[in-house]
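K.L.:
Handing over protein_39.cif, mmCIF, C-alpha atoms.
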data_upload
loop_
_atom_site.label_atom_id
_atom_site.label_comp_id
_atom_site.auth_asym_id
_atom_site.auth_seq_id
_atom_site.Cartn_x
_atom_site.Cartn_y
_atom_site.Cartn_z
CA ILE A 87 19.98 12.03 -39.29
CA ILE A 88 19.47 9.01 -37.01
CA MET A 89 21.93 10.21 -34.37
CA ASP A 90 20.95 13.89 -34.26
CA GLY A 91 17.21 13.59 -34.99
CA PRO A 92 15.90 12.31 -31.61
CA PRO A 93 17.78 14.91 -29.48
CA ALA A 94 16.60 17.72 -31.75
CA GLN A 95 12.98 16.56 -31.60
CA SER A 96 13.07 16.12 -27.82
CA LEU A 97 13.91 19.81 -27.44
CA GLY A 98 10.28 20.47 -28.35
CA VAL A 99 9.15 19.15 -24.96
CA GLU A 100 11.69 21.13 -22.96
CA PRO A 101 10.11 22.63 -19.79
CA VAL A 102 9.03 26.24 -20.30
CA ASP A 103 11.20 28.82 -18.60
CA ALA A 104 9.32 30.94 -16.06
CA ARG A 105 10.81 34.10 -17.57
CA ILE A 106 9.05 33.38 -20.85
CA LEU A 107 5.66 33.47 -19.12
CA ARG A 108 6.50 36.88 -17.60
CA ALA A 109 7.87 38.35 -20.81
CA PRO A 110 5.74 40.82 -22.80
CA PRO A 111 4.15 39.55 -26.01
CA ARG A 112 6.13 39.84 -29.22
CA LYS A 113 5.12 42.35 -31.84
CA VAL A 114 3.63 41.07 -35.07
CA THR A 115 6.41 42.74 -37.04
CA ASP A 116 9.20 41.03 -35.07
CA PRO A 117 11.19 38.59 -37.25
CA ILE A 118 11.25 34.90 -36.37
CA VAL A 119 14.89 34.48 -37.43
CA THR A 120 16.62 37.24 -35.48
CA ARG A 121 20.18 38.49 -35.82
CA ALA A 122 21.10 36.89 -32.50
CA LEU A 123 19.75 33.53 -33.66
CA LEU A 124 21.75 33.73 -36.87
CA THR A 125 24.88 34.64 -34.91
CA ARG A 126 24.50 31.61 -32.66
CA ALA A 127 23.77 29.27 -35.57
CA VAL A 128 26.65 30.48 -37.75
CA SER A 129 29.19 30.42 -34.91
CA SER A 130 28.19 26.90 -33.83
CA ALA A 131 28.23 25.63 -37.42
CA ALA A 132 31.65 27.17 -38.03
CA LEU A 133 33.12 25.50 -34.94
CA ILE A 134 31.58 22.10 -35.74
CA MET A 135 32.79 22.28 -39.34
CA THR A 136 36.28 23.30 -38.23
CA LEU A 137 36.58 20.46 -35.70
CA THR A 138 35.27 17.86 -38.16
CA LEU A 139 37.59 18.90 -40.98
CA MET A 140 40.52 19.19 -38.59
CA VAL A 141 40.07 15.60 -37.42
CA PHE A 142 39.63 14.38 -40.99
CA ALA A 143 42.77 16.18 -42.15
CA LYS A 144 44.76 14.83 -39.20
CA GLU A 145 43.67 11.24 -39.87
CA LEU A 146 44.20 11.58 -43.62
CA ASP A 147 47.97 11.56 -43.34
CA ASP A 148 48.73 8.99 -46.04
CA GLY A 149 46.41 10.43 -48.69
CA HIS A 150 44.06 7.43 -48.62
CA VAL A 151 40.64 7.38 -46.94
CA THR A 152 40.47 4.45 -44.55
CA ARG A 153 37.81 3.15 -42.20
CA ARG A 154 39.54 4.83 -39.30
CA ASP A 155 39.39 8.18 -41.08
CA THR A 156 35.64 7.95 -41.67
CA THR A 157 35.00 6.62 -38.15
CA MET A 158 36.90 9.43 -36.43
CA THR A 159 35.23 12.03 -38.62
CA PHE A 160 31.79 10.54 -38.08
CA MET A 161 32.19 10.36 -34.30
CA THR A 162 33.50 13.91 -34.06
CA PHE A 163 30.63 15.33 -36.10
CA VAL A 164 27.91 13.41 -34.24
CA ASN A 165 29.24 14.27 -30.77
CA CYS A 166 29.53 17.94 -31.70
CA ASP A 167 25.86 17.86 -32.65
CA LEU A 168 24.93 16.16 -29.38
CA PHE A 169 26.76 18.76 -27.29
CA ASN A 170 25.24 21.53 -29.38
CA ALA A 171 21.76 20.08 -28.79
CA TYR A 172 22.39 20.15 -25.04
CA ALA A 173 23.50 23.79 -25.26
CA CYS A 174 20.31 24.66 -27.18
CA ARG A 175 18.11 23.63 -24.26
CA SER A 176 18.19 27.22 -23.00
CA THR A 177 18.84 30.55 -24.70
CA ASP A 178 20.10 32.24 -21.51
CA SER A 179 21.35 29.56 -19.08
CA CYS A 180 24.72 27.86 -19.52
CA PHE A 181 25.06 24.09 -19.74
CA TYR A 182 26.12 23.74 -16.09
CA GLU A 183 23.04 25.69 -14.96
CA ILE A 184 20.60 23.27 -16.64
CA SER A 185 19.52 20.11 -14.88
CA PRO A 186 20.17 17.04 -17.07
CA PHE A 187 17.08 15.35 -15.57
CA SER A 188 14.54 18.14 -16.18
CA ASN A 189 13.73 16.75 -19.64
CA PRO A 190 13.50 12.93 -19.56
CA SER A 191 12.75 12.76 -23.28
CA PHE A 192 15.99 14.54 -24.11
CA LEU A 193 17.92 12.29 -21.72
CA TRP A 194 16.56 9.14 -23.36
CA ALA A 195 17.29 10.57 -26.82
CA MET A 196 20.91 11.18 -25.82
CA VAL A 197 21.21 7.63 -24.51
CA PHE A 198 19.78 6.29 -27.76
CA SER A 199 22.21 8.35 -29.84
CA VAL A 200 25.27 7.30 -27.83
CA ALA A 201 24.20 3.65 -27.93
CA GLY A 202 23.70 3.95 -31.69
CA GLN A 203 27.22 5.32 -32.11
CA PHE A 204 28.76 2.43 -30.21
CA ALA A 205 26.69 -0.06 -32.18
CA VAL A 206 27.84 1.41 -35.50
CA ILE A 207 31.55 1.30 -34.64
CA TYR A 208 31.73 -1.89 -32.52
CA LEU A 209 29.21 -4.36 -34.00
CA PRO A 210 30.70 -6.24 -36.99
CA PRO A 211 27.49 -6.29 -39.09
CA LEU A 212 27.13 -2.53 -38.81
CA GLN A 213 30.84 -2.02 -39.37
CA ALA A 214 30.45 -3.68 -42.76
CA VAL A 215 27.48 -1.48 -43.66
CA PHE A 216 28.87 1.89 -42.51
CA GLN A 217 32.55 1.16 -43.24
CA THR A 218 33.69 1.87 -39.68
CA GLU A 219 36.11 0.26 -37.25
CA ALA A 220 36.50 0.03 -33.48
CA LEU A 221 38.19 2.94 -31.72
CA SER A 222 40.35 2.88 -28.62
CA LEU A 223 39.57 4.66 -25.36
CA GLY A 224 42.19 7.26 -26.20
CA ASP A 225 40.41 8.05 -29.47
CA LEU A 226 37.06 8.36 -27.72
CA PHE A 227 38.58 10.64 -25.08
CA LEU A 228 40.06 12.87 -27.79
CA ILE A 229 36.71 13.05 -29.59
CA VAL A 230 34.86 14.00 -26.39
CA CYS A 231 37.42 16.70 -25.54
CA LEU A 232 37.22 18.24 -29.00
CA SER A 233 33.44 18.10 -29.38
CA SER A 234 32.81 19.48 -25.87
CA THR A 235 34.33 22.80 -26.95
CA VAL A 236 30.86 23.53 -28.36
CA LEU A 237 29.73 23.95 -24.75
CA LEU A 238 32.61 26.35 -24.09
CA LEU A 239 31.61 28.44 -27.09
CA ASP A 240 28.02 28.53 -25.87
CA THR A 241 29.16 29.64 -22.40
CA VAL A 242 31.25 32.48 -23.86
CA ARG A 243 28.28 33.68 -25.91
CA LYS A 244 25.88 33.63 -22.96
CA LYS A 245 28.27 35.22 -20.47
CA PHE A 246 30.34 37.72 -22.46
CA LEU A 247 28.56 38.26 -25.80
CA VAL A 248 24.99 38.74 -24.60
CA GLN A 249 24.39 41.88 -26.66
CA TYR A 250 25.20 40.01 -29.87
CA CYS A 251 23.97 36.49 -29.18
CA SER A 252 20.87 36.92 -26.99
CA ASP A 253 17.37 37.81 -28.11
CA ASN A 254 16.71 39.42 -24.72
CA SER A 255 19.40 42.07 -25.17
CA GLY A 256 16.85 44.48 -26.71
CA LYS A 257 14.77 44.88 -23.54
CA ARG A 258 15.87 48.48 -23.09
CA SER A 259 14.73 49.50 -26.55
CA GLY A 260 11.46 47.68 -25.95
CA MET A 261 10.91 49.66 -22.74
CA ILE A 262 11.52 52.93 -24.59
CA PHE A 263 9.02 51.90 -27.26
CA ARG A 264 6.39 51.07 -24.64
CA ARG A 265 6.97 54.40 -22.89
CA ARG A 266 6.38 56.27 -26.13
CA VAL A 267 3.18 54.36 -26.74
CA LYS A 268 1.93 55.15 -23.23
CA LYS A 269 2.77 58.82 -23.65
CA LYS A 270 0.88 58.94 -26.91
CA LYS A 271 -2.11 57.25 -25.36
CA GLY A 272 -2.06 59.48 -22.28
CA GLY A 273 -2.61 62.87 -23.97
CA ALA A 274 -4.93 63.77 -26.84
CA SER A 275 -3.60 65.90 -29.65
CA ALA A 276 -4.96 69.31 -30.64
CA GLY A 277 -6.62 67.84 -33.70
CA ASP A 278 -8.38 65.21 -31.60
CA THR A 279 -9.59 67.90 -29.19
CA LYS A 280 -10.86 70.03 -32.04
CA ARG A 281 -12.71 67.11 -33.56
CA LEU A 282 -14.31 66.32 -30.22
CA ARG A 283 -15.42 69.90 -29.76
CA GLY A 284 -16.72 70.04 -33.30
CA GLY A 285 -18.68 66.89 -32.71
CA LYS A 286 -20.27 68.36 -29.61
CA LYS A 287 -21.25 71.53 -31.43
CA GLY A 288 -22.86 69.61 -34.24
CA LYS A 289 -25.20 67.78 -31.92
CA ARG A 290 -28.57 69.20 -30.89
CA SER A 291 -31.22 67.76 -28.69
CA THR A 292 -34.98 67.86 -29.12
CA LYS A 293 -37.30 67.34 -26.22
CA HIS A 294 -40.82 65.97 -26.46
CA ASP A 295 -43.35 65.82 -23.67
CA ILE A 296 -45.47 62.73 -23.72
CA GLY A 297 -48.71 62.59 -21.74
CA LEU A 298 -49.90 59.21 -20.44
CA SER A 299 -53.47 59.02 -19.11
CA LEU A 300 -54.09 56.59 -16.29
CA PRO A 301 -57.48 54.91 -16.35
CA GLY A 302 -59.78 55.28 -13.39
CA ASN A 303 -58.92 58.59 -11.76
CA GLY A 304 -58.29 60.68 -14.87
CA SER A 305 -54.76 61.73 -13.78
CA THR A 306 -51.98 62.14 -16.32
CA ILE A 307 -48.26 61.31 -16.03
CA ARG A 308 -45.99 63.48 -18.13
CA ALA A 309 -42.71 61.95 -19.39
CA ARG A 310 -39.96 63.66 -21.30
CA ASN A 311 -38.41 62.01 -24.32
CA VAL A 312 -35.00 63.42 -25.23
CA THR A 313 -33.67 62.65 -28.70
CA THR A 314 -30.11 63.55 -29.68
CA LEU A 315 -29.50 64.31 -33.36
#
Would you encode the structure as C-alpha cells?

P.N.:
Amino acid sequence: IIMDGPPAQSLGVEPVDARILRAPPRKVTDPIVTRALLTRAVSSAALIMTLTLMVFAKELDDGHVTRRDTTMTFMTFVNCDLFNAYACRSTDSCFYEISPFSNPSFLWAMVFSVAGQFAVIYLPPLQAVFQTEALSLGDLFLIVCLSSTVLLLDTVRKKFLVQYCSDNSGKRSGMIFRRRVKKKKGGASAGDTKRLRGGKKGKRSTKHDIGLSLPGNGSTIRARNVTTL
C-alpha cells in the first residue's frame, strides 16, 4: 500500500488530454466500468500475478521460505505496479509517447516509492521489520527486466488490440447513433403532422373592437383586440 499508493493517487492530477475536451459527452446509460477497461485490468493483473509467482517459485528451490525469497517477490510485485501505474497515465498513448516530466506529482511519487524500496531492503532496522535482505545489482537488473514487460503488454494493447482494449473503439457506432437521432429530429412523422393540423383546426379567434375616446377634440381611436381560444 505504501509503495503503490502515492503513484496511484498522483494519476488524479495527470494533465487532461486535448482529445478529451473535443470528445462528445457520454450518454447517461453508458457504463463506468466498460468491457475495454475490464480487459486491460484483467490482462495486467494476470501478467503481474504470473511474474510474481514465477519469481517466488524460482527462488523457492529448497522448499523453505527465506528472506531472499520474500525480498525478490516483494520487489518484483512492487516494480510491476510502478510500471503499470506509468502505463495507466494515458488510455491511448504508449509509454514512450508520454513525457515523464508532464506530471511532477507522479514523478515525485515514483521517486518516493523507489527510495522506499531501497530503504526496506538495505537499511538494517527495516530489514529486521520486513524480513528482507540486500540484493545484488544482478538481482535488481533481473527484477527491472521482468517487471518492465508490463509496458510491453500495454504497448501491444494500444497498438494492435485497440478494438478490444480501447474505450474509443466505438466511435463508429456512436456516429451512426448520432446520425439516426439527427434524422429523427429532421423530419416530423405523420402522426405529429396530424396532431399539428388538428390543433390548428381546433383553434378559433374572436375579434373585439375597442373604442377609446380622446379628451378635448372628441375623436375616437379604434383598436382591435384579438383573442385566440

K.L.:
Tell me, in Å to one decimal, how far CA of Phe187 in chain A is from CA of Phe246 in chain A.

P.N.:
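These two atoms are separated by 26.9 Å.
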
K.L.:
Taking all atoms of range 95-112 of chain A that the file lists and extending 5 Å past them on each side, where is the centre of the axis-aligned box and how long are its edges? Answer in Å to one decimal, as lines of an AutoDock Vina configuration file.

P.N.:
center_x = 9.0
center_y = 28.5
center_z = -23.8
size_x = 19.8
size_y = 34.7
size_z = 25.5

K.L.:
Which residue gives the smallest distance to Phe198 in chain A among A:Ala214, A:Val236, A:Leu168, A:Leu226, with all atoms listed in the file counted?

P.N.:
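Closest residue, counting all atoms listed in the file: A:Leu168.
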
K.L.:
Can you write out as a tab-separated table which residues of range 159-214 of chain A fall within 6 Å of range 125-148 of chain A, alongside each residue's closest atom pair and its distance in Å to one decimal, counting all atoms listed in the file and ordering rows by chain and ascending residue number?

P.N.:
residue	atom	partner	partner_atom	distance
A:Thr159	CA	A:Phe142	CA	5.5
A:Thr162	CA	A:Thr138	CA	6.0
A:Phe163	CA	A:Thr138	CA	5.7

K.L.:
List, as an mmCIF file with C-alpha atoms, in the coordinates of the input, every residue that the PyMOL selection byres ((chain A and resi 99) around 12) selects in the file provided.

P.N.:
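Resulting contents of part18.cif:
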data_model
loop_
_atom_site.group_PDB
_atom_site.id
_atom_site.type_symbol
_atom_site.label_atom_id
_atom_site.label_comp_id
_atom_site.auth_asym_id
_atom_site.auth_seq_id
_atom_site.Cartn_x
_atom_site.Cartn_y
_atom_site.Cartn_z
ATOM 1 C CA PRO A 92 15.900 12.310 -31.610
ATOM 2 C CA PRO A 93 17.780 14.910 -29.480
ATOM 3 C CA ALA A 94 16.600 17.720 -31.750
ATOM 4 C CA GLN A 95 12.980 16.560 -31.600
ATOM 5 C CA SER A 96 13.070 16.120 -27.820
ATOM 6 C CA LEU A 97 13.910 19.810 -27.440
ATOM 7 C CA GLY A 98 10.280 20.470 -28.350
ATOM 8 C CA GLU A 100 11.690 21.130 -22.960
ATOM 9 C CA PRO A 101 10.110 22.630 -19.790
ATOM 10 C CA VAL A 102 9.030 26.240 -20.300
ATOM 11 C CA ASP A 103 11.200 28.820 -18.600
ATOM 12 C CA ARG A 175 18.110 23.630 -24.260
ATOM 13 C CA SER A 188 14.540 18.140 -16.180
ATOM 14 C CA ASN A 189 13.730 16.750 -19.640
ATOM 15 C CA PRO A 190 13.500 12.930 -19.560
ATOM 16 C CA SER A 191 12.750 12.760 -23.280
ATOM 17 C CA PHE A 192 15.990 14.540 -24.110
ATOM 18 C CA LEU A 193 17.920 12.290 -21.720
ATOM 19 C CA ALA A 195 17.290 10.570 -26.820
#

K.L.:
Quick one, how far is CA of Leu238 in chain A from CA of Cys180 in chain A?

P.N.:
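The value is 9.2 Å.
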
K.L.:
Taking 4 positions as the minimum chain separation for residues in the same chain, which residues sit within 7 Å of Ser233 in chain A when counting all atoms listed in the file? Answer as a list in words.

P.N.:
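Here the answer would be Thr162, Asn165, Cys166 and Ile229 of chain A.
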
K.L.:
For the structure provided, state which residues fall under the PyMOL selection byres ((chain A and resi 241) around 10), and present them as a short mmCIF file (atom, residue, chain, number, x, y, z; two decimals) with C-alpha atoms, in the frame of the given file.

P.N.:
data_model
loop_
_atom_site.label_atom_id
_atom_site.label_comp_id
_atom_site.auth_asym_id
_atom_site.auth_seq_id
_atom_site.Cartn_x
_atom_site.Cartn_y
_atom_site.Cartn_z
CA ALA A 173 23.50 23.79 -25.26
CA ASP A 178 20.10 32.24 -21.51
CA SER A 179 21.35 29.56 -19.08
CA CYS A 180 24.72 27.86 -19.52
CA PHE A 181 25.06 24.09 -19.74
CA TYR A 182 26.12 23.74 -16.09
CA THR A 235 34.33 22.80 -26.95
CA VAL A 236 30.86 23.53 -28.36
CA LEU A 237 29.73 23.95 -24.75
CA LEU A 238 32.61 26.35 -24.09
CA LEU A 239 31.61 28.44 -27.09
CA ASP A 240 28.02 28.53 -25.87
CA VAL A 242 31.25 32.48 -23.86
CA ARG A 243 28.28 33.68 -25.91
CA LYS A 244 25.88 33.63 -22.96
CA LYS A 245 28.27 35.22 -20.47
CA PHE A 246 30.34 37.72 -22.46
CA LEU A 247 28.56 38.26 -25.80
#

K.L.:
Please, what distance in Å, to one decimal, runs between CA of Phe169 in chain A and CA of Pro117 in chain A?

P.N.:
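Here the two named atoms are 27.1 Å from each other.
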
K.L.:
For Ala205 in chain A, which of A:Thr152, A:Thr218, A:Asn170, A:Ser176 is the closest residue, counting only C-alpha atoms?

P.N.:
A:Thr218

K.L.:
Please list as a list in words every residue within 12 Å of Ser222 in chain A, counting only C-alpha atoms and excluding residues in the same chain fewer than 3 positions away.

P.N.:
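The neighbour list is Arg154, Thr157, Met158, Phe204, Ile207, Tyr208, Glu219, Asp225, Leu226, Phe227, Leu228 and Ile229 of chain A.
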
K.L.:
Measuring between only C-alpha atoms, which one of A:Leu212, A:Gln203, A:Asp90, A:Thr177 shows the shortest distance to Arg105 in chain A?

P.N.:
A:Thr177
